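J.: The structure follows.
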Amino acid sequence: MLDPASSPIKDHPEYASLVAAHFPLEEPFIQRVIDAEGPISFFMEEVIHAPGSPSFLRVNYERGTREILMTPLRIKDQTIGFIHIYADNTKSFTREFRNIIKGIMPQLSSAVANIIKNDEIRRKEWINEALLGFNTELVKVRNRKDLLKVINHDLKEIIPFSYGMMTVLDETGNNYQPYVIDEYFDESDFAKPIQQSSSFDPVQDGVYDMASLYYKPVVFDMETFDEEKMPAWFRFYVSKGAKEMVMKILPAPAASTHSLILFADKKGTFNEEALTVIQHISTQLSTATSNTAANEEILDREREKSFLLDFSSDIAAARSKDDLSEAVRKALKKLANLRGYVIRKIDADGQTMSSYIHDETIVAADDPDLLEILNSRFPINDGLQNRVLDSPVPLLLSVNGEISRGITSRYLLFWKKVGFKTMVGTSLKSGDTKLGILWLGIEDVNLPLLKGICDQISIAMSNIMANEEVLNKEREQKFLLDFSQDIAGVRTKDDLELAVTHVLKEVLNIRLSMLRIVEDDGITLSPYMYDKKIFFNQDPMFLELASKNIDIYEEVSARVFNSEGPVIFNIQHEEENGNNSGYLQFWKKVGFENAFGAPLRVGNTNIGTLWLLTNQINMTILKGICAQVSVAIANIRANEKILTYKQRLEIENDYLQEQIKTIYNFSDIIGSGEAMQKVYRLMTHVAQSSSTVLLLGETGTGKELIARALHNSSPRKNK
């Protein structure tokens, strides 16, 4: 207690801090007072400069005090306090005055002791009442906001701390993160990342691990730590002026998962009373926190069910890829901290994957890297996609970590470019059939919710892909039917070239590289047709390859003939496998990833090969085209042979007609022996001549018949 009305230092700048200060009993000046049998006085000029002199001496001296009389108050030889009496001169404390003070010391000591005892009783009663109110408020806690309010308001009335927070362990028990953070910092640019952070700090950080060793709360002097080595929350509170903290690992029936951390900007705030209060409330606080976590889990499950119900409703209405894309976009954007997403599907070849649905808000639609990714196929066995497809659970992957492992797929580098640090990959399946992968750019994810999302996406994706397959087959059938009708009218090579070029370029946006046919010897493969516009400036390498005949045993041609259908030649793989043929060098030069070689057959007979340069093509349509082209070529070649035979027969017929007219048209003459054949030939030679013909022979040998036949066969027949 003090008398502020008579205090000479009440207006001094240091007055408030002196009143609130604590002075150690070990100071030499205080020890002299304690060792004295009764009141003891000091001249201020003699003590204010002494080592360890209390600051209140200096301040009082500055305001005119020249002598101080101090008397220890004792109960049973235990010092419980002091009486401070100040004078503005050095003659006020006479022997008589000192004896009076000494005489009332026992009564003052008893009175002070009783007051202290009563204050302690009232303080305990107040604390008990406050704790009862605190516990009552804890019972009402249903969420983190309620929990934070009880800590920052009700508990702060009992313990004068500055800031408070709670933490929670992860499932492994090796890491922890903020659970609630002081509402005072809700708008702080630094505190928001802490409050919303999904990253964990290791328990072995020099604070949490130390607190976990003790049953009671542990006080830490924050100024003794190396800030750079401490968690973000620690550095943040130091920046806000915290000098002392207390940490209590809350008890739990099983393993402790939550902790309470309080901060103070004044050392000594967390005294024995404060620690006793924290220890007292720890069990109830743990129960309230557990109930809060349980309530949150129930609410999360309800939100998950509501989310999945809404998503199921949206996705059930999806009839196309666009519908599915919109439903996925609408649902996934509700996930907290989601940076982006993409669904990749397994391609028809079963060896590659390509983009199916992607987040259109990540980068601009015309971003060249995005366009390249969208138009590319990536091998399933690239060290990343195959791991996700084979995993029964979602995989959480570090983008930089995968790159450092040597995986350099372009989509992985693209994720790094757009700032994705962590990706969660989940296999999409319909039964045992793998459909693709859902990739989420997210630091943490609710696994049960993710499973529900993936199940819904898988069902919708399977149905849509099945519908697309039906529609594609219908389009393929219509396409091949139309092409068949076009081919049916083909009669010549030029007609065929026009039809093939049209269907490849105008419909499929592909140009014919080369079509070779097997010659009649069954071995030679000769150029038959190619799109002359496919190569600018008539590339000399192509012209050289196109002008030469090859045989059916040439390496790439033989592989095509030995296959049941079209063969895909991946140029990079071919080069890696040592194929350095002229064809490979040419394919590489024109810049395509793949070349497609297809056998042309009628029945079991090879009639040629068809070559296309493109990165991808519908294999079903290619097979159908090859079948139609094979029949057309067989018909054209058969027609060409028929025409050749017809022309030859016509020539022979003309010749034979002439023969018949001259040789076999002498109807009045009978005879077919060798001698008569000689006569017929002679008659043929002279019949067209205008010379006189002399016929010699005995009577009755047929000279008159010969003369009449010559006349009938000569130009003078009708004259």
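Chain labels run A, B, ... following the order of the structure tokens; each chain numbers its residues from 1, and ligands are numbered from 1 in the order shown.
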Name the residues of range 488-570 of chain A that fall into strand (DSSP E) according to DSSP on the backbone, using the chain letters and numbers of this document, as a PyMOL selection string.
T.: chain A and resi 512-518+524-529+550-551+567-570
J.: With only C-alpha atoms as the counted atoms, please give the residues lying no more than 12 Å from Leu710 in chain A, apart from itself and same-chain residues fewer than 3 positions off, as a ChimeraX atom specification.
T.: /A:661-663,665-669,679-695,703-707,713-717
J.: Go ahead and save the residues from that selection, with C-alpha atoms, as a PDB file, in the first residue's frame.
T.:
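Heads up, here's the output in selection-v5.pdb:
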```pdb
ATOM      1  CA  LYS A 661     -11.343 -62.033-145.292  1.00  0.00           C
ATOM      2  CA  THR A 662      -8.392 -63.123-147.384  1.00  0.00           C
ATOM      3  CA  ILE A 663      -7.770 -66.677-146.419  1.00  0.00           C
ATOM      4  CA  ASN A 665     -13.399 -66.235-147.304  1.00  0.00           C
ATOM      5  CA  PHE A 666     -12.797 -68.234-150.644  1.00  0.00           C
ATOM      6  CA  SER A 667     -16.129 -70.014-150.187  1.00  0.00           C
ATOM      7  CA  ASP A 668     -16.264 -71.632-153.686  1.00  0.00           C
ATOM      8  CA  ILE A 669     -12.981 -73.448-153.203  1.00  0.00           C
ATOM      9  CA  VAL A 679      -2.224 -71.416-152.927  1.00  0.00           C
ATOM     10  CA  TYR A 680      -4.361 -69.333-150.504  1.00  0.00           C
ATOM     11  CA  ARG A 681      -1.300 -67.407-149.342  1.00  0.00           C
ATOM     12  CA  LEU A 682      -0.274 -66.647-152.908  1.00  0.00           C
ATOM     13  CA  MET A 683      -3.806 -65.519-153.672  1.00  0.00           C
ATOM     14  CA  THR A 684      -3.733 -63.162-150.646  1.00  0.00           C
ATOM     15  CA  HIS A 685      -0.540 -61.533-151.846  1.00  0.00           C
ATOM     16  CA  VAL A 686      -1.731 -60.847-155.408  1.00  0.00           C
ATOM     17  CA  ALA A 687      -5.418 -60.102-154.700  1.00  0.00           C
ATOM     18  CA  GLN A 688      -4.708 -56.484-153.785  1.00  0.00           C
ATOM     19  CA  SER A 689      -2.363 -55.973-156.692  1.00  0.00           C
ATOM     20  CA  SER A 690      -3.445 -54.353-159.987  1.00  0.00           C
ATOM     21  CA  SER A 691      -1.034 -56.542-161.990  1.00  0.00           C
ATOM     22  CA  THR A 692      -2.126 -59.226-164.427  1.00  0.00           C
ATOM     23  CA  VAL A 693      -2.187 -62.686-162.920  1.00  0.00           C
ATOM     24  CA  LEU A 694      -1.397 -65.796-165.026  1.00  0.00           C
ATOM     25  CA  LEU A 695      -3.088 -69.012-163.899  1.00  0.00           C
ATOM     26  CA  LYS A 703      -8.411 -72.305-162.619  1.00  0.00           C
ATOM     27  CA  GLU A 704     -11.795 -70.573-163.078  1.00  0.00           C
ATOM     28  CA  LEU A 705     -12.584 -70.818-159.308  1.00  0.00           C
ATOM     29  CA  ILE A 706      -9.199 -69.271-158.489  1.00  0.00           C
ATOM     30  CA  ALA A 707      -9.782 -66.424-160.952  1.00  0.00           C
ATOM     31  CA  SER A 713     -10.906 -60.322-153.042  1.00  0.00           C
ATOM     32  CA  SER A 714      -9.555 -57.496-155.184  1.00  0.00           C
ATOM     33  CA  PRO A 715     -10.454 -53.751-155.149  1.00  0.00           C
ATOM     34  CA  ARG A 716     -12.150 -54.319-158.518  1.00  0.00           C
ATOM     35  CA  LYS A 717     -14.765 -56.589-156.971  1.00  0.00           C
TER      36      LYS A 717
END
```
J.: For CA of Ala252 in chain A and CA of Ser290 in chain A, quote the distance in Å rounded to one decimal.
T.: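 Answer for the CA of Ala252 in chain A to CA of Ser290 in chain A separation: 8.7 Å.
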J.: Identify, on the basis of only C-alpha atoms, every residue whose closest approach to range 616-628 of chain A does not exceed 8 Å; exclude the query and any residue fewer than 4 positions from it along the same chain; express the result as JSON, numbers by chain.
T.: {"A": [476, 480, 483, 484, 487, 565, 566, 594, 598, 599, 600, 601, 602, 610, 632]}
J.: Please identify which residues in range 488-626 of chain A DSSP calls helix (DSSP H, G or I) from the backbone, and express them as a JSON list (two decimals) with C-alpha atoms, in the first residue's frame.
T.:
```
[["chain", "number", "residue", "atom", "x", "y", "z"],
["A", 488, "ALA", "CA", -17.24, -47.43, -105.29],
["A", 493, "LYS", "CA", -5.76, -44.38, -110.39],
["A", 494, "ASP", "CA", -6.43, -40.65, -110.75],
["A", 495, "ASP", "CA", -9.92, -41.09, -109.32],
["A", 496, "LEU", "CA", -8.50, -43.07, -106.41],
["A", 497, "GLU", "CA", -5.81, -40.49, -105.70],
["A", 498, "LEU", "CA", -8.43, -37.75, -105.66],
["A", 499, "ALA", "CA", -10.69, -39.71, -103.29],
["A", 500, "VAL", "CA", -7.89, -40.71, -100.88],
["A", 501, "THR", "CA", -6.38, -37.22, -100.80],
["A", 502, "HIS", "CA", -9.79, -35.72, -100.10],
["A", 503, "VAL", "CA", -10.69, -38.02, -97.24],
["A", 504, "LEU", "CA", -7.28, -37.71, -95.58],
["A", 505, "LYS", "CA", -6.84, -33.97, -95.96],
["A", 506, "GLU", "CA", -10.36, -32.53, -95.85],
["A", 507, "VAL", "CA", -11.89, -34.94, -93.32],
["A", 540, "PRO", "CA", 15.00, -33.77, -102.53],
["A", 541, "MET", "CA", 15.25, -36.44, -99.82],
["A", 542, "PHE", "CA", 11.61, -37.34, -100.34],
["A", 543, "LEU", "CA", 11.92, -37.26, -104.14],
["A", 544, "GLU", "CA", 14.85, -39.66, -103.92],
["A", 545, "LEU", "CA", 12.94, -42.04, -101.66],
["A", 546, "ALA", "CA", 9.77, -41.73, -103.74],
["A", 547, "SER", "CA", 11.51, -42.46, -107.04],
["A", 555, "GLU", "CA", 13.00, -53.26, -92.77],
["A", 556, "VAL", "CA", 10.03, -50.98, -92.09],
["A", 557, "SER", "CA", 7.95, -52.44, -94.93],
["A", 558, "ALA", "CA", 8.55, -55.97, -93.68],
["A", 559, "ARG", "CA", 7.35, -54.96, -90.20],
["A", 560, "VAL", "CA", 4.17, -53.58, -91.70],
["A", 561, "PHE", "CA", 3.50, -56.70, -93.79],
["A", 571, "ILE", "CA", 10.54, -41.75, -84.38],
["A", 572, "GLN", "CA", 12.39, -41.18, -81.11],
["A", 573, "HIS", "CA", 12.06, -44.81, -80.06],
["A", 574, "GLU", "CA", 13.13, -46.03, -83.50],
["A", 575, "GLU", "CA", 16.25, -43.88, -83.33],
["A", 576, "GLU", "CA", 17.01, -45.09, -79.81],
["A", 582, "GLY", "CA", 16.60, -43.15, -94.87],
["A", 583, "TYR", "CA", 12.91, -43.23, -94.05],
["A", 584, "LEU", "CA", 13.58, -42.55, -90.35],
["A", 585, "GLN", "CA", 15.88, -39.65, -91.21],
["A", 586, "PHE", "CA", 13.19, -38.22, -93.45],
["A", 587, "TRP", "CA", 10.44, -38.64, -90.83],
["A", 588, "LYS", "CA", 12.65, -36.92, -88.30],
["A", 589, "LYS", "CA", 13.39, -34.08, -90.73],
["A", 590, "VAL", "CA", 9.71, -33.19, -91.29],
["A", 619, "MET", "CA", -6.84, -46.59, -85.88],
["A", 620, "THR", "CA", -10.32, -47.94, -86.60],
["A", 621, "ILE", "CA", -10.85, -45.39, -89.36],
["A", 622, "LEU", "CA", -7.35, -46.04, -90.71],
["A", 623, "LYS", "CA", -8.09, -49.77, -90.92],
["A", 624, "GLY", "CA", -11.38, -49.06, -92.69],
["A", 625, "ILE", "CA", -9.69, -46.71, -95.17],
["A", 626, "CYS", "CA", -6.99, -49.29, -95.87]]
```
J.: What lies within 10 Å of Arg144 in chain A using only C-alpha atoms, ignoring chain neighbours under 4 positions off, as number ranges by chain?
T.: A: 148-150, 179-181, 288-289, 292-293, 295-296
J.: Quick one: residues within 10 Å of His358 in chain A, only C-alpha atoms, excluding same-chain residues fewer than 4 positions away - as a compact mmCIF listing (two decimals) with C-alpha atoms, in the first residue's frame?
T.:
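Output file selection_3.txt is given in full below:
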```txt
# COMPACT_ATOMS: atom_id res chain seq x y z
CA SER A 325 -16.23 -30.24 -66.99
CA VAL A 328 -16.20 -30.70 -61.81
CA ARG A 329 -15.23 -27.02 -61.98
CA GLY A 340 -5.93 -25.87 -59.80
CA TYR A 341 -6.89 -29.25 -61.20
CA VAL A 342 -6.67 -31.46 -64.28
CA ILE A 343 -8.16 -34.81 -65.29
CA ARG A 344 -6.03 -36.92 -67.62
CA ILE A 362 -4.72 -21.30 -64.21
CA LEU A 374 -3.31 -30.10 -74.09
CA LEU A 438 -7.47 -36.60 -61.12
CA TRP A 439 -4.66 -34.15 -60.24
```
J.: For Leu108 in chain A, find every residue with an atom within 12 Å (counting only C-alpha atoms), except residues of its own chain fewer than 2 positions away, and show them as a PDB file with C-alpha atoms, in the first residue's frame.
T.:
```pdb
ATOM      1  CA  THR A  71      11.446  -0.849   8.899  1.00  0.00           C
ATOM      2  CA  PRO A  72      11.052  -4.576   8.183  1.00  0.00           C
ATOM      3  CA  LEU A  73       7.693  -6.135   8.969  1.00  0.00           C
ATOM      4  CA  ARG A  74       8.063  -9.628  10.371  1.00  0.00           C
ATOM      5  CA  ILE A  75       5.843 -12.521  11.390  1.00  0.00           C
ATOM      6  CA  ILE A  80       6.801 -10.019   4.969  1.00  0.00           C
ATOM      7  CA  GLY A  81       7.332  -6.396   3.961  1.00  0.00           C
ATOM      8  CA  PHE A  82       8.750  -2.986   4.756  1.00  0.00           C
ATOM      9  CA  ILE A  83       7.634   0.444   5.938  1.00  0.00           C
ATOM     10  CA  ILE A 100       7.551   4.725  18.244  1.00  0.00           C
ATOM     11  CA  ILE A 101       7.899   2.988  14.883  1.00  0.00           C
ATOM     12  CA  LYS A 102       9.666   0.047  16.521  1.00  0.00           C
ATOM     13  CA  GLY A 103       6.895  -0.205  19.073  1.00  0.00           C
ATOM     14  CA  ILE A 104       4.124  -0.432  16.521  1.00  0.00           C
ATOM     15  CA  MET A 105       6.048  -2.843  14.253  1.00  0.00           C
ATOM     16  CA  PRO A 106       4.436  -6.034  15.706  1.00  0.00           C
ATOM     17  CA  SER A 110       0.127  -8.568  12.169  1.00  0.00           C
ATOM     18  CA  ALA A 111      -2.208  -6.179  10.425  1.00  0.00           C
ATOM     19  CA  VAL A 112      -0.314  -6.445   7.147  1.00  0.00           C
ATOM     20  CA  ALA A 113      -0.173 -10.238   7.486  1.00  0.00           C
ATOM     21  CA  ASN A 114      -3.920 -10.373   8.072  1.00  0.00           C
ATOM     22  CA  ILE A 115      -4.564  -8.086   5.127  1.00  0.00           C
ATOM     23  CA  ILE A 116      -2.343 -10.226   2.922  1.00  0.00           C
TER      24      ILE A 116
END
```
J.: Considering only C-alpha atoms, return as a count of residues only whatever protein or nucleic-acid residues lie within 10 Å of Ala316 in chain A, sequence-local ones (same chain, fewer than 6 positions apart) excluded.
T.: 8
J.: From the list A:Ile607, A:Glu468, A:Ala294, A:Pro178, which residue is nearest Asp521 in chain A when using only C-alpha atoms?
T.: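 Checking each of A:Ile607, A:Glu468, A:Ala294, A:Pro178 against Asp521 in chain A, counting only C-alpha atoms, the winner is A:Ile607.
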J.: Could you state the separation of CA of Arg377 in chain A and CA of Val424 in chain A in Å, given to one decimal place?
T.: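 Computing it gives 20.4 Å between the two atoms.
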